[in-house]
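Asker: Dropping in upload-v9.txt, which is compact mmCIF, C-alpha atoms:
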```
# COMPACT_ATOMS: atom_id res chain seq x y z
CA MET E 1 -20.59 53.06 28.72
CA PRO E 2 -23.08 50.15 28.27
CA GLU E 3 -21.55 46.71 28.77
CA LEU E 4 -22.62 45.37 25.35
CA LEU E 5 -21.15 48.38 23.57
CA LEU E 6 -17.91 47.98 25.48
CA ILE E 7 -17.68 44.30 24.49
CA LEU E 8 -18.36 45.27 20.88
CA ILE E 9 -15.57 47.85 20.81
CA ARG E 10 -13.07 45.55 22.54
CA SER E 11 -13.94 42.67 20.18
CA ILE E 12 -13.53 44.85 17.08
CA ALA E 13 -10.16 46.12 18.34
CA ALA E 14 -8.96 42.55 19.04
CA PHE E 15 -10.19 41.36 15.63
CA LEU E 16 -8.46 44.17 13.74
CA LEU E 17 -5.19 43.58 15.56
CA LEU E 18 -5.38 39.81 14.90
CA PHE E 19 -6.13 40.46 11.24
CA LEU E 20 -3.16 42.84 10.97
CA MET E 21 -0.80 40.36 12.62
CA THR E 22 -2.00 37.56 10.36
CA ARG E 23 -1.20 39.63 7.29
CA ILE E 24 2.23 40.52 8.66
CA MET E 25 3.08 36.92 9.59
CA GLY E 26 2.48 35.84 6.00
CA LYS E 27 1.23 32.60 4.48
CA LYS E 28 4.18 30.53 5.69
CA GLN E 29 3.02 30.79 9.30
CA ILE E 30 -0.35 29.37 8.30
CA SER E 31 0.68 26.64 5.87
CA GLN E 32 3.67 25.29 7.81
CA LEU E 33 2.36 25.15 11.36
CA THR E 34 5.05 23.94 13.75
CA PHE E 35 4.42 23.00 17.38
CA PHE E 36 5.65 26.42 18.47
CA ASP E 37 3.29 28.16 16.02
CA TYR E 38 0.46 25.96 17.28
CA CYS E 39 1.08 27.02 20.90
CA VAL E 40 1.38 30.68 19.93
CA GLY E 41 -1.87 30.51 17.96
CA ILE E 42 -3.78 29.02 20.89
CA THR E 43 -2.36 31.63 23.27
CA ILE E 44 -3.22 34.53 20.98
CA GLY E 45 -6.76 33.22 20.50
CA SER E 46 -7.20 32.81 24.25
CA ILE E 47 -5.94 36.37 24.92
CA ALA E 48 -8.26 37.82 22.26
CA ALA E 49 -11.31 35.98 23.63
CA THR E 50 -10.53 36.98 27.21
CA MET E 51 -9.97 40.61 26.28
CA SER E 52 -13.27 40.73 24.39
CA VAL E 53 -15.56 39.58 27.21
CA ASP E 54 -13.63 39.91 30.47
CA GLN E 55 -13.85 43.51 31.61
CA ASN E 56 -11.48 42.80 34.49
CA VAL E 57 -8.73 42.81 31.88
CA LYS E 58 -7.88 46.29 30.71
CA ALA E 59 -8.25 46.73 26.96
CA LEU E 60 -4.81 48.32 26.62
CA ASN E 61 -3.19 45.45 28.51
CA GLY E 62 -4.94 42.92 26.28
CA LEU E 63 -3.89 44.70 23.09
CA MET E 64 -0.30 44.95 24.32
CA SER E 65 -0.27 41.24 25.15
CA LEU E 66 -1.67 40.39 21.71
CA LEU E 67 0.93 42.58 20.06
CA ILE E 68 3.80 40.96 21.98
CA TRP E 69 2.65 37.41 21.27
CA GLY E 70 2.07 38.31 17.63
CA LEU E 71 5.55 39.78 17.25
CA PHE E 72 7.28 36.71 18.72
CA PRO E 73 6.78 34.46 15.63
CA ILE E 74 7.74 37.32 13.29
CA VAL E 75 10.99 38.05 15.14
CA LEU E 76 11.87 34.35 15.38
CA ALA E 77 11.12 33.83 11.68
CA TYR E 78 13.37 36.78 10.78
CA LEU E 79 16.19 35.46 12.97
CA GLY E 80 15.71 32.01 11.45
CA MET E 81 16.20 33.51 7.98
CA LYS E 82 19.50 34.99 9.11
CA SER E 83 20.81 31.95 10.98
CA ASN E 84 20.30 28.27 10.20
CA LEU E 85 21.51 27.41 13.70
CA PHE E 86 18.83 29.58 15.28
CA SER E 87 16.22 28.07 12.96
CA ARG E 88 17.20 24.58 14.12
CA ILE E 89 16.92 25.64 17.76
CA THR E 90 13.40 27.06 17.34
CA ASP E 91 11.90 24.70 14.74
CA GLY E 92 14.10 21.63 15.13
CA LYS E 93 15.28 19.70 12.09
CA ALA E 94 13.89 17.06 9.80
CA THR E 95 14.52 13.42 10.76
CA ILE E 96 14.92 10.42 8.49
CA VAL E 97 12.67 7.62 9.75
CA VAL E 98 12.91 5.19 6.80
CA LYS E 99 15.97 4.64 4.62
CA LYS E 100 16.24 2.11 1.79
CA GLY E 101 13.22 0.22 3.04
CA LYS E 102 14.51 -0.03 6.61
CA VAL E 103 12.80 1.66 9.55
CA LEU E 104 15.18 3.67 11.75
CA GLU E 105 13.74 2.87 15.17
CA ASN E 106 16.11 5.15 17.07
CA ASN E 107 15.04 8.19 15.08
CA MET E 108 11.41 7.26 15.54
CA ARG E 109 11.93 6.93 19.27
CA LYS E 110 13.51 10.39 19.44
CA ASN E 111 10.37 11.83 17.84
CA LEU E 112 8.00 9.73 20.01
CA MET E 113 6.58 8.04 16.93
CA ASN E 114 5.32 4.47 16.91
CA SER E 115 4.87 2.09 14.00
CA ASN E 116 1.13 2.73 13.71
CA GLU E 117 1.71 6.45 13.23
CA LEU E 118 4.41 5.75 10.65
CA MET E 119 2.15 3.45 8.64
CA LEU E 120 -0.67 5.99 8.83
CA LEU E 121 1.54 8.73 7.37
CA LEU E 122 2.82 6.37 4.67
CA ARG E 123 -0.71 5.35 3.68
CA GLU E 124 -1.62 9.03 3.35
CA LYS E 125 1.12 9.20 0.71
CA GLY E 126 -0.31 6.18 -1.11
CA ILE E 127 2.35 3.75 0.12
CA PHE E 128 1.33 0.57 1.96
CA GLU E 129 4.64 -1.30 2.06
CA VAL E 130 7.69 0.06 3.89
CA ASN E 131 9.93 -1.86 1.51
CA ASP E 132 8.76 0.43 -1.32
CA VAL E 133 10.28 3.47 0.38
CA GLU E 134 13.74 4.73 -0.54
CA MET E 135 13.59 7.50 2.08
CA ALA E 136 10.95 8.95 4.41
CA VAL E 137 11.64 12.19 6.25
CA LEU E 138 9.63 13.50 9.19
CA GLU E 139 9.50 17.27 8.66
CA THR E 140 9.50 19.90 11.39
CA ASN E 141 5.78 20.55 10.85
CA GLY E 142 4.90 16.89 11.46
CA GLN E 143 4.39 16.00 7.80
CA LEU E 144 6.07 12.98 6.25
CA SER E 145 7.93 13.44 2.96
CA VAL E 146 8.34 10.16 1.07
CA LEU E 147 10.66 9.23 -1.80
CA PRO E 148 9.61 5.88 -3.35
CA LYS E 149 12.17 3.49 -4.72
CA THR E 150 12.99 3.94 -8.40
CA ASP E 151 11.06 0.86 -9.53
CA LYS E 152 8.02 1.96 -7.52
CA LYS E 153 7.73 5.44 -8.99
CA PRO E 154 4.92 6.07 -11.46
CA ILE E 155 5.97 6.23 -15.12
CA THR E 156 6.08 9.73 -16.55
CA VAL E 157 5.85 10.91 -20.15
CA LYS E 158 9.56 11.72 -20.07
CA ASP E 159 10.41 8.15 -19.02
CA ILE E 160 8.83 6.66 -22.16
CA GLY E 161 10.25 9.33 -24.45
CA ILE E 162 7.00 10.95 -25.56
CA SER E 163 7.01 14.68 -26.22
CA LEU E 164 3.85 16.59 -25.44
CA GLU E 165 2.75 20.08 -26.24
CA SER E 166 3.49 22.39 -23.34
CA GLU E 167 0.43 23.71 -21.55
CA HIS E 168 -0.26 26.72 -19.41
CA GLY E 169 -2.73 26.91 -16.59
CA PRO E 170 -6.40 27.45 -17.45
CA SER E 171 -7.67 31.02 -17.32
CA ILE E 172 -11.02 32.25 -16.09
CA LEU E 173 -12.78 34.54 -18.54
CA ILE E 174 -16.09 34.98 -16.69
CA MET E 175 -16.70 34.70 -12.97
CA ASP E 176 -20.07 35.30 -11.31
CA GLY E 177 -21.42 36.98 -14.43
CA LYS E 178 -18.47 39.38 -14.74
CA VAL E 179 -15.92 39.38 -17.56
CA MET E 180 -12.25 39.11 -16.58
CA TYR E 181 -11.01 41.65 -19.14
CA LYS E 182 -7.34 41.30 -18.13
CA SER E 183 -7.35 37.56 -18.84
CA LEU E 184 -9.28 38.10 -22.05
CA LYS E 185 -6.79 40.68 -23.29
CA LYS E 186 -3.77 38.64 -22.18
CA LEU E 187 -4.92 35.62 -24.21
CA GLY E 188 -5.73 37.73 -27.27
CA TYR E 189 -9.48 37.16 -27.36
CA SER E 190 -12.09 39.86 -27.90
CA TYR E 191 -15.24 40.55 -25.92
CA GLU E 192 -17.32 39.95 -29.05
CA TRP E 193 -15.76 36.51 -29.48
CA LEU E 194 -16.60 35.62 -25.88
CA VAL E 195 -20.21 36.75 -26.27
CA GLY E 196 -20.50 34.67 -29.42
CA GLU E 197 -19.24 31.57 -27.61
CA ILE E 198 -21.62 31.91 -24.67
CA ASN E 199 -24.48 32.43 -27.12
CA LYS E 200 -23.69 29.00 -28.56
CA GLN E 201 -24.36 27.59 -25.09
CA GLY E 202 -27.80 29.16 -24.87
CA ALA E 203 -26.88 32.21 -22.80
CA ASN E 204 -28.23 35.55 -23.99
CA ASN E 205 -25.68 37.65 -22.12
CA VAL E 206 -22.65 37.45 -19.86
CA GLU E 207 -24.74 37.87 -16.69
CA GLU E 208 -26.24 34.41 -17.23
CA VAL E 209 -22.80 32.73 -17.02
CA PHE E 210 -21.55 31.59 -13.62
CA LEU E 211 -18.11 30.50 -14.82
CA ALA E 212 -16.23 30.43 -18.12
CA GLN E 213 -12.76 28.89 -18.26
CA ILE E 214 -10.41 28.30 -21.19
CA ASN E 215 -7.42 25.94 -21.25
CA SER E 216 -4.16 26.11 -23.19
CA LYS E 217 -5.66 24.18 -26.11
CA GLY E 218 -8.39 26.76 -26.57
CA ASP E 219 -11.18 24.56 -25.19
CA LEU E 220 -13.78 26.75 -23.51
CA TYR E 221 -15.81 25.45 -20.55
CA ILE E 222 -18.98 27.35 -19.69
CA ASP E 223 -21.22 26.85 -16.66
CA LEU E 224 -24.52 28.73 -16.60
CA TYR E 225 -26.50 29.82 -13.58
CA ASP E 226 -29.40 27.78 -14.99
CA ASP E 227 -28.29 24.21 -14.32
CA ASN E 228 -31.07 22.89 -16.54
CA ASP E 229 -29.18 24.14 -19.59
CA GLN E 230 -26.69 21.70 -21.04
CA THR E 231 -23.10 22.77 -20.40
CA GLN E 232 -20.32 21.41 -22.55
CA THR E 233 -16.70 22.04 -23.39
CA ILE E 234 -16.20 23.79 -26.70
CA ASN E 235 -13.27 22.55 -28.74
CA GLU E 236 -12.20 25.67 -30.59
CA LYS E 237 -9.76 23.81 -32.82
CA GLU E 238 -12.44 21.42 -34.06
CA LEU E 239 -14.77 24.34 -34.76
CA LEU E 240 -12.04 26.12 -36.72
CA ALA E 241 -11.25 22.99 -38.73
CA ALA E 242 -14.94 22.52 -39.59
CA SER E 243 -15.25 26.18 -40.62
CA LEU E 244 -12.21 25.99 -42.88
CA LYS E 245 -13.46 22.77 -44.50
CA LYS E 246 -16.83 24.38 -45.12
CA LEU E 247 -15.13 27.38 -46.70
CA GLN E 248 -13.14 25.13 -49.02
CA ALA E 249 -16.27 23.24 -50.00
CA ASP E 250 -18.13 26.49 -50.70
CA LEU E 251 -15.32 27.74 -52.94
CA GLU E 252 -15.39 24.50 -54.93
CA VAL E 253 -19.17 24.79 -55.35
CA TYR E 254 -18.86 28.41 -56.48
CA ALA E 255 -16.22 27.37 -59.03
CA LEU E 256 -18.60 24.79 -60.50
CA GLU E 257 -21.72 26.97 -60.50
CA THR E 258 -20.34 30.23 -61.87
CA GLU E 259 -20.35 30.86 -65.64
CA ASN E 260 -17.74 33.62 -65.41
CA PRO E 261 -14.41 32.13 -66.57
CA LYS E 262 -12.31 34.52 -64.46
CA ALA E 263 -14.42 33.88 -61.33
CA LYS E 264 -14.29 30.11 -61.98
CA ILE E 265 -10.49 30.21 -62.08
CA LEU E 266 -10.33 32.45 -59.00
CA TYR E 267 -12.66 30.22 -56.95
CA ALA E 268 -10.75 27.08 -58.01
CA GLU E 269 -7.39 28.62 -57.09
CA GLN E 270 -8.64 29.75 -53.68
CA ALA E 271 -10.20 26.34 -53.01
CA GLU E 272 -6.86 24.68 -53.80
CA ARG E 273 -5.01 27.11 -51.53
CA MET E 274 -7.49 26.35 -48.77
CA ARG E 275 -6.98 22.59 -49.26
CA LYS E 276 -3.21 22.97 -48.94
CA LEU E 277 -3.64 25.15 -45.88
CA LEU E 278 -5.82 22.52 -44.21
CA GLU E 279 -3.25 19.81 -44.93
CA PHE E 280 -0.50 21.99 -43.48
CA ILE E 281 -2.29 22.80 -40.20
CA ARG E 282 -4.21 19.53 -39.84
CA GLU E 283 -1.97 18.29 -36.99
CA TYR E 284 -2.47 21.54 -35.08
CA LEU E 285 -6.26 21.36 -35.23
CA LYS E 286 -6.59 18.01 -33.44
```
Please rewrite the model in this file as structure tokens.

Answerer:
Amino acid sequence: MPELLLILIRSIAAFLLLFLMTRIMGKKQISQLTFFDYCVGITIGSIAATMSVDQNVKALNGLMSLLIWGLFPIVLAYLGMKSNLFSRITDGKATIVVKKGKVLENNMRKNLMNSNELMLLLREKGIFEVNDVEMAVLETNGQLSVLPKTDKKPITVKDIGISLESEHGPSILIMDGKVMYKSLKKLGYSYEWLVGEINKQGANNVEEVFLAQINSKGDLYIDLYDDNDQTQTINEKELLAASLKKLQADLEVYALETENPKAKILYAEQAERMRKLLEFIREYLK
């Protein structure tokens, strides 16, 4: 078998096995990288690279080695779920390095951390004075979790007693020129409504839209492939309020212009009903 073809086959086999192990390990192994995970990752990468290009290593031996090293973190993670003691042995435990504005030098020394490293991690959290810290914990993945003192915490809406309308996350209605029908249906909008809104932005069809996103207030953001076109956020509530006001005004005009007594009364009654409706929902259309 030609050497290049052999390298290609071995590389594809190593890649597929690595991909499979990554999916099995789950997102936790990627997001919370401990020192042990770091060492395992380097070893697995080294084995895969060696198996791909070094023909002195048998392909089966390389795949078996990859499989064993890939199973180690999975088995240890499973045992850690069953036993907190085992989890502490493999991953260690979090250490408090600052408490009530005081640095715990002994705990820092145990983790081989100096003051410069501590200040660096605090600055990454937006804290420049140790005295502002109620508690700082060095996690097992090397990250620093910081709890500021009560008087140093930012003020929230709840602290000042203001109630706000609850919001849900924004939803994407169009991505790369394709309509997200599930999101559209979930929010209760129709395809015709969406086409009408993108037409207001100068787009002739959905394919001209790179991204369309709507928030919990009904404001629609549209970004076109043509960056020369002006893109703006549509406030659906303001548009609805304007449409209702125009309808009320039209009814009042019809009531004045018509010579039919019954129609005049009907238009006047409907205009009054529309005025009351606008007053009732005025706060919800802001």

Asker: Using only C-alpha atoms, pick whichever of E:Lys200, E:Leu144, E:Ile222, E:Leu18 has the shortest atom-to-atom distance to E:Met175.

Answerer: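 The closest residue to E:Met175 is E:Ile222.
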
Asker: Given the choices E:Glu117, E:Asp219, E:Glu197, E:Asp151, which gets closest to E:Asp132 if the distance is worked out from only C-alpha atoms?

Answerer: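 So, comparing all the options, the nearest one is E:Asp151.
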
Asker: Suppose you want the space between atom CA of E:Lys102 and atom CA of E:Thr140; what is it in Å?

Answerer: 21.1 Å

Asker: What gap, in Å, lies between atom CA of E:Ile174 and atom CA of E:Asn205?

Answerer: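 Atom-to-atom, atom CA of E:Ile174 and atom CA of E:Asn205 are spaced 11.3 Å apart.
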
Asker: Quick one: residues within 12 Å of E:Ala241, only C-alpha atoms counted, chain neighbours fewer than 6 positions away excluded, as a PDB file with C-alpha atoms, keeping the file's coordinate frame?

Answerer:
```
ATOM      1  CA  ASN E 235     -13.270  22.550 -28.740  1.00  0.00           C
ATOM      2  CA  LEU E 247     -15.130  27.380 -46.700  1.00  0.00           C
ATOM      3  CA  GLN E 248     -13.140  25.130 -49.020  1.00  0.00           C
ATOM      4  CA  MET E 274      -7.490  26.350 -48.770  1.00  0.00           C
ATOM      5  CA  ARG E 275      -6.980  22.590 -49.260  1.00  0.00           C
ATOM      6  CA  LEU E 277      -3.640  25.150 -45.880  1.00  0.00           C
ATOM      7  CA  LEU E 278      -5.820  22.520 -44.210  1.00  0.00           C
ATOM      8  CA  GLU E 279      -3.250  19.810 -44.930  1.00  0.00           C
ATOM      9  CA  PHE E 280      -0.500  21.990 -43.480  1.00  0.00           C
ATOM     10  CA  ILE E 281      -2.290  22.800 -40.200  1.00  0.00           C
ATOM     11  CA  ARG E 282      -4.210  19.530 -39.840  1.00  0.00           C
ATOM     12  CA  GLU E 283      -1.970  18.290 -36.990  1.00  0.00           C
ATOM     13  CA  TYR E 284      -2.470  21.540 -35.080  1.00  0.00           C
ATOM     14  CA  LEU E 285      -6.260  21.360 -35.230  1.00  0.00           C
ATOM     15  CA  LYS E 286      -6.590  18.010 -33.440  1.00  0.00           C
TER      16      LYS E 286
END
```

Asker: For atom CA of E:Ser83 and atom CA of E:Thr95, determine how far apart the two atoms are, in Å to one decimal place.

Answerer: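 Pair atom CA of E:Ser83 / atom CA of E:Thr95 returns 19.6 Å.
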
Asker: Considering only C-alpha atoms, state which residue in the set E:Lys246, E:Lys178, E:Lys149, E:Lys93 is at the smallest distance from E:Val137.

Answerer: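 Ranked by minimum distance to E:Val137, first place goes to E:Lys93.
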
Asker: Pick from E:Leu251, E:Leu184, E:Leu16, E:Ile74: nearest to E:Lys264, with all atoms listed in the file counted?

Answerer: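 Going through E:Leu251, E:Leu184, E:Leu16, E:Ile74 one by one, the smallest distance to E:Lys264 is for E:Leu251.
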
Asker: Here's a test: counting all atoms listed in the file, identify every protein, DNA and RNA residue with an atom at most 12 Å from (5.1, 4.5, 13.0) in the file's coordinate frame, and state them as a PyMOL selection string.

Answerer: chain E and resi 97-98+103-109+111-123+130+136+138+144

Asker: Tell me, as a PyMOL selection string, which residues lie within 12 Å of E:Ser190, counting all atoms listed in the file; anything in the same chain fewer than 6 positions away does not count.

Answerer: chain E and resi 173+179-184+196-197
